[in-house]
>>> print(open('target-v9.txt').read())   # compact mmCIF, N, CA and C atoms
# COMPACT_ATOMS: atom_id res chain seq x y z
N MET A 24 0.84 -1.19 0.00
CA MET A 24 0.00 0.00 0.00
C MET A 24 0.88 1.25 0.00
N VAL A 25 0.46 2.23 -0.75
CA VAL A 25 1.21 3.48 -0.83
C VAL A 25 1.06 4.23 0.50
N ASP A 26 2.17 4.75 0.99
CA ASP A 26 2.19 5.48 2.25
C ASP A 26 1.26 6.68 2.19
N LYS A 27 0.42 6.84 3.21
CA LYS A 27 -0.55 7.94 3.27
C LYS A 27 0.15 9.30 3.22
N ASN A 28 1.30 9.42 3.86
CA ASN A 28 2.04 10.69 3.85
C ASN A 28 2.51 11.03 2.43
N LEU A 29 2.87 10.02 1.65
CA LEU A 29 3.29 10.24 0.27
C LEU A 29 2.12 10.77 -0.56
N ILE A 30 0.96 10.16 -0.38
CA ILE A 30 -0.23 10.59 -1.13
C ILE A 30 -0.54 12.06 -0.84
N GLU A 31 -0.37 12.47 0.40
CA GLU A 31 -0.66 13.85 0.78
C GLU A 31 0.23 14.87 0.07
N ILE A 32 1.45 14.47 -0.31
CA ILE A 32 2.35 15.44 -0.95
C ILE A 32 2.37 15.32 -2.47
N LEU A 33 1.78 14.24 -3.00
CA LEU A 33 1.75 14.08 -4.45
C LEU A 33 0.71 15.00 -5.07
N CYS A 34 0.97 15.39 -6.30
CA CYS A 34 0.00 16.18 -7.06
C CYS A 34 0.13 15.82 -8.53
N CYS A 35 -0.84 16.22 -9.31
CA CYS A 35 -0.80 15.98 -10.74
C CYS A 35 0.42 16.69 -11.33
N PRO A 36 1.25 16.00 -12.08
CA PRO A 36 2.45 16.65 -12.65
C PRO A 36 2.11 17.68 -13.73
N GLU A 37 0.91 17.63 -14.26
CA GLU A 37 0.51 18.56 -15.31
C GLU A 37 -0.12 19.83 -14.73
N THR A 38 -1.12 19.66 -13.87
CA THR A 38 -1.90 20.80 -13.39
C THR A 38 -1.58 21.21 -11.96
N LYS A 39 -0.85 20.35 -11.25
CA LYS A 39 -0.52 20.53 -9.83
C LYS A 39 -1.75 20.41 -8.92
N GLN A 40 -2.86 19.89 -9.45
CA GLN A 40 -4.03 19.62 -8.62
C GLN A 40 -3.72 18.48 -7.67
N SER A 41 -4.41 18.46 -6.54
CA SER A 41 -4.22 17.37 -5.59
C SER A 41 -4.80 16.07 -6.18
N VAL A 42 -4.36 14.96 -5.63
CA VAL A 42 -4.85 13.64 -6.03
C VAL A 42 -5.33 12.92 -4.78
N SER A 43 -6.28 12.01 -4.98
CA SER A 43 -6.78 11.22 -3.85
C SER A 43 -6.88 9.77 -4.26
N LEU A 44 -6.71 8.91 -3.29
CA LEU A 44 -6.75 7.46 -3.51
C LEU A 44 -8.18 7.02 -3.79
N ILE A 45 -8.36 6.20 -4.83
CA ILE A 45 -9.68 5.67 -5.13
C ILE A 45 -9.95 4.44 -4.27
N ASP A 46 -11.22 4.10 -4.13
CA ASP A 46 -11.57 2.95 -3.29
C ASP A 46 -11.49 1.63 -4.07
N ALA A 47 -11.62 0.54 -3.36
CA ALA A 47 -11.48 -0.80 -3.95
C ALA A 47 -12.53 -1.07 -5.02
N ASP A 48 -13.74 -0.55 -4.84
CA ASP A 48 -14.79 -0.76 -5.86
C ASP A 48 -14.41 -0.09 -7.17
N ALA A 49 -13.85 1.11 -7.10
CA ALA A 49 -13.42 1.82 -8.31
C ALA A 49 -12.28 1.07 -8.99
N VAL A 50 -11.34 0.53 -8.20
CA VAL A 50 -10.24 -0.25 -8.77
C VAL A 50 -10.79 -1.45 -9.52
N LYS A 51 -11.76 -2.14 -8.91
CA LYS A 51 -12.35 -3.31 -9.57
C LYS A 51 -13.02 -2.92 -10.88
N LYS A 52 -13.79 -1.83 -10.88
CA LYS A 52 -14.46 -1.39 -12.10
C LYS A 52 -13.46 -1.03 -13.19
N ILE A 53 -12.39 -0.35 -12.81
CA ILE A 53 -11.36 0.01 -13.79
C ILE A 53 -10.68 -1.24 -14.33
N ASN A 54 -10.35 -2.18 -13.45
CA ASN A 54 -9.72 -3.42 -13.91
C ASN A 54 -10.66 -4.23 -14.80
N ASP A 55 -11.95 -4.21 -14.52
CA ASP A 55 -12.92 -4.87 -15.41
C ASP A 55 -12.89 -4.20 -16.79
N GLY A 56 -12.80 -2.87 -16.80
CA GLY A 56 -12.69 -2.13 -18.06
C GLY A 56 -11.41 -2.44 -18.80
N ILE A 57 -10.31 -2.60 -18.06
CA ILE A 57 -9.04 -2.97 -18.68
C ILE A 57 -9.16 -4.33 -19.35
N LYS A 58 -9.77 -5.30 -18.65
CA LYS A 58 -9.97 -6.64 -19.23
C LYS A 58 -10.81 -6.57 -20.49
N ALA A 59 -11.79 -5.66 -20.51
CA ALA A 59 -12.68 -5.52 -21.67
C ALA A 59 -12.06 -4.69 -22.79
N GLY A 60 -10.89 -4.10 -22.52
CA GLY A 60 -10.23 -3.28 -23.54
C GLY A 60 -10.83 -1.89 -23.71
N SER A 61 -11.51 -1.39 -22.67
CA SER A 61 -12.18 -0.10 -22.79
C SER A 61 -11.57 1.01 -21.94
N VAL A 62 -10.34 0.79 -21.45
CA VAL A 62 -9.65 1.81 -20.66
C VAL A 62 -8.43 2.25 -21.46
N PHE A 63 -8.25 3.57 -21.54
CA PHE A 63 -7.19 4.14 -22.37
C PHE A 63 -6.36 5.15 -21.58
N THR A 64 -5.10 5.25 -21.96
CA THR A 64 -4.27 6.32 -21.41
C THR A 64 -4.67 7.62 -22.08
N ARG A 65 -4.20 8.71 -21.56
CA ARG A 65 -4.59 10.00 -22.13
C ARG A 65 -4.08 10.20 -23.55
N ASN A 66 -3.06 9.43 -23.95
CA ASN A 66 -2.60 9.54 -25.34
C ASN A 66 -3.26 8.51 -26.26
N GLY A 67 -4.28 7.81 -25.75
CA GLY A 67 -5.08 6.92 -26.57
C GLY A 67 -4.66 5.47 -26.61
N ALA A 68 -3.61 5.10 -25.90
CA ALA A 68 -3.17 3.70 -25.88
C ALA A 68 -4.09 2.88 -25.00
N THR A 69 -4.42 1.67 -25.43
CA THR A 69 -5.24 0.76 -24.63
C THR A 69 -4.42 0.26 -23.45
N VAL A 70 -5.00 0.34 -22.26
CA VAL A 70 -4.32 -0.15 -21.05
C VAL A 70 -4.49 -1.66 -21.01
N LYS A 71 -3.37 -2.37 -20.84
CA LYS A 71 -3.41 -3.83 -20.84
C LYS A 71 -3.06 -4.42 -19.48
N GLU A 72 -2.44 -3.63 -18.60
CA GLU A 72 -2.00 -4.13 -17.31
C GLU A 72 -2.93 -3.61 -16.21
N ALA A 73 -3.43 -4.55 -15.39
CA ALA A 73 -4.33 -4.19 -14.29
C ALA A 73 -3.62 -3.24 -13.32
N ILE A 74 -4.43 -2.48 -12.59
CA ILE A 74 -3.89 -1.58 -11.58
C ILE A 74 -4.14 -2.15 -10.19
N ASP A 75 -3.30 -1.77 -9.24
CA ASP A 75 -3.49 -2.17 -7.84
C ASP A 75 -4.23 -1.09 -7.06
N GLY A 76 -4.24 0.11 -7.61
CA GLY A 76 -4.88 1.26 -7.00
C GLY A 76 -4.77 2.42 -7.96
N GLY A 77 -5.23 3.57 -7.52
CA GLY A 77 -5.14 4.73 -8.39
C GLY A 77 -5.27 6.02 -7.61
N LEU A 78 -4.70 7.08 -8.17
CA LEU A 78 -4.78 8.41 -7.59
C LEU A 78 -5.57 9.29 -8.56
N LEU A 79 -6.75 9.69 -8.14
CA LEU A 79 -7.64 10.46 -8.97
C LEU A 79 -7.32 11.94 -8.84
N ARG A 80 -7.16 12.59 -9.99
CA ARG A 80 -6.91 14.03 -10.00
C ARG A 80 -8.13 14.76 -9.47
N GLU A 81 -7.92 15.88 -8.81
CA GLU A 81 -8.99 16.62 -8.15
C GLU A 81 -10.18 16.92 -9.06
N ASP A 82 -9.93 17.23 -10.34
CA ASP A 82 -11.03 17.53 -11.26
C ASP A 82 -11.71 16.28 -11.80
N GLY A 83 -11.19 15.09 -11.45
CA GLY A 83 -11.82 13.83 -11.84
C GLY A 83 -11.61 13.41 -13.28
N LYS A 84 -10.75 14.10 -14.03
CA LYS A 84 -10.56 13.78 -15.44
C LYS A 84 -9.55 12.67 -15.69
N TYR A 85 -8.55 12.56 -14.84
CA TYR A 85 -7.49 11.56 -15.05
C TYR A 85 -7.15 10.87 -13.75
N LEU A 86 -6.71 9.63 -13.91
CA LEU A 86 -6.31 8.81 -12.78
C LEU A 86 -4.89 8.32 -13.03
N TYR A 87 -4.05 8.47 -12.04
CA TYR A 87 -2.68 7.96 -12.13
C TYR A 87 -2.67 6.57 -11.51
N PRO A 88 -2.28 5.54 -12.28
CA PRO A 88 -2.34 4.17 -11.77
C PRO A 88 -1.28 3.91 -10.70
N ILE A 89 -1.60 2.97 -9.83
CA ILE A 89 -0.63 2.45 -8.86
C ILE A 89 -0.45 0.99 -9.19
N ARG A 90 0.82 0.61 -9.38
CA ARG A 90 1.16 -0.79 -9.65
C ARG A 90 2.31 -1.18 -8.74
N GLU A 91 2.15 -2.29 -8.05
CA GLU A 91 3.16 -2.79 -7.11
C GLU A 91 3.55 -1.71 -6.11
N ASP A 92 2.54 -1.01 -5.58
CA ASP A 92 2.69 0.04 -4.58
C ASP A 92 3.47 1.26 -5.06
N ILE A 93 3.59 1.42 -6.37
CA ILE A 93 4.31 2.57 -6.93
C ILE A 93 3.35 3.41 -7.76
N PRO A 94 3.11 4.66 -7.35
CA PRO A 94 2.27 5.54 -8.16
C PRO A 94 3.00 5.90 -9.47
N ILE A 95 2.32 5.74 -10.59
CA ILE A 95 2.89 6.06 -11.90
C ILE A 95 2.41 7.48 -12.23
N MET A 96 3.23 8.47 -11.89
CA MET A 96 2.83 9.88 -12.00
C MET A 96 3.37 10.50 -13.29
N LEU A 97 3.17 9.81 -14.40
CA LEU A 97 3.60 10.31 -15.71
C LEU A 97 2.36 10.77 -16.47
N ILE A 98 2.42 11.96 -17.04
CA ILE A 98 1.26 12.53 -17.72
C ILE A 98 0.71 11.59 -18.78
N ASP A 99 1.57 11.03 -19.62
CA ASP A 99 1.10 10.16 -20.70
C ASP A 99 0.56 8.81 -20.22
N GLU A 100 0.87 8.42 -18.98
CA GLU A 100 0.39 7.15 -18.44
C GLU A 100 -0.92 7.31 -17.66
N ALA A 101 -1.38 8.55 -17.49
CA ALA A 101 -2.64 8.77 -16.78
C ALA A 101 -3.78 8.13 -17.57
N LEU A 102 -4.74 7.59 -16.83
CA LEU A 102 -5.87 6.93 -17.44
C LEU A 102 -7.00 7.94 -17.60
N ALA A 103 -7.61 7.94 -18.76
CA ALA A 103 -8.80 8.76 -18.98
C ALA A 103 -9.91 8.14 -18.15
N VAL A 104 -10.50 8.91 -17.27
CA VAL A 104 -11.44 8.35 -16.30
C VAL A 104 -12.83 8.17 -16.91
N LEU A 105 -13.28 6.93 -16.83
CA LEU A 105 -14.66 6.61 -17.19
C LEU A 105 -15.44 6.23 -15.94
N VAL A 106 -14.70 5.70 -14.95
CA VAL A 106 -15.31 5.26 -13.70
C VAL A 106 -14.48 5.87 -12.58
N ALA A 107 -15.11 6.53 -11.67
CA ALA A 107 -14.43 7.10 -10.51
C ALA A 107 -15.28 6.85 -9.28
N ASN A 108 -14.64 7.01 -8.12
CA ASN A 108 -15.39 6.75 -6.88
C ASN A 108 -16.28 7.90 -6.53
>>> encode(input="target-v9.txt", output="structure tokens")
Amino acid sequence: MVDKNLIEILCCPETKQSVSLIDADAVKKINDGIKAGSVFTRNGATVKEAIDGGLLREDGKYLYPIREDIPIMLIDEALAVLVAN
């Protein structure tokens, strides 16, 4: 699990908006979408690897995936949000 103190200091690398951890139900819905091939990165690539968690940008437009307890805070790797908590 990502350290709570780390989450508090992280922000969107593009807009500097705060991010918040999504709940387990949202992770499941996103992973179901990944399996169905309906989740895309912001540059349009189909996401093929499941996420362990995610950090939702304050405006709700993009989610930064967490894999193996590591937040992937790269603009091009952000997921276009279709399902959020």
>>> select_by_dssp(input="target-v9.txt", residues="chain A", states="helix (DSSP H, G or I)", output="list in words")
Lys27, Asn28, Leu29, Ile30, Glu31, Ile32, Ala47, Asp48, Ala49, Val50, Lys51, Lys52, Ile53, Asn54, Asp55, Gly56, Ile57, Lys58, Ala59, Ile98, Asp99 and Glu100 of chain A
>>> atom_distance(input="target-v9.txt", atom1="CA of Tyr87 in chain A", atom2="CA of Ala101 in chain A")
4.7 Å
>>> closest_residue(input="target-v9.txt", among="A:Asp99, A:Asp26, A:Glu31, A:Glu72", to="Ser43 in chain A", atoms="all atoms listed in the file")
A:Glu31
>>> residues_around(input="target-v9.txt", residues="Asp82 in chain A", least_positions_apart="4", cutoff="12 Å", atoms="only C-alpha atoms", output="PyMOL selection string")
chain A and resi 34-35+38-43+78+86+103-104+107
>>> closest_residue(input="target-v9.txt", among="A:Asn28, A:Asp46, A:Arg65, A:Glu37", to="Glu100 in chain A", atoms="only N, CA and C atoms")
A:Arg65
>>> closest_residue(input="target-v9.txt", among="A:Val25, A:Leu44, A:Leu102, A:Ile30", to="Val70 in chain A", atoms="only C-alpha atoms")
A:Leu102
>>> axis_aligned_box(input="target-v9.txt", around="range 45-64 of chain A", padding_each_side="3 Å", output="JSON")
{"center_x": -9.5, "center_y": 0.5, "center_z": -13.5, "size_x": 16.5, "size_y": 20.3, "size_z": 26.4}
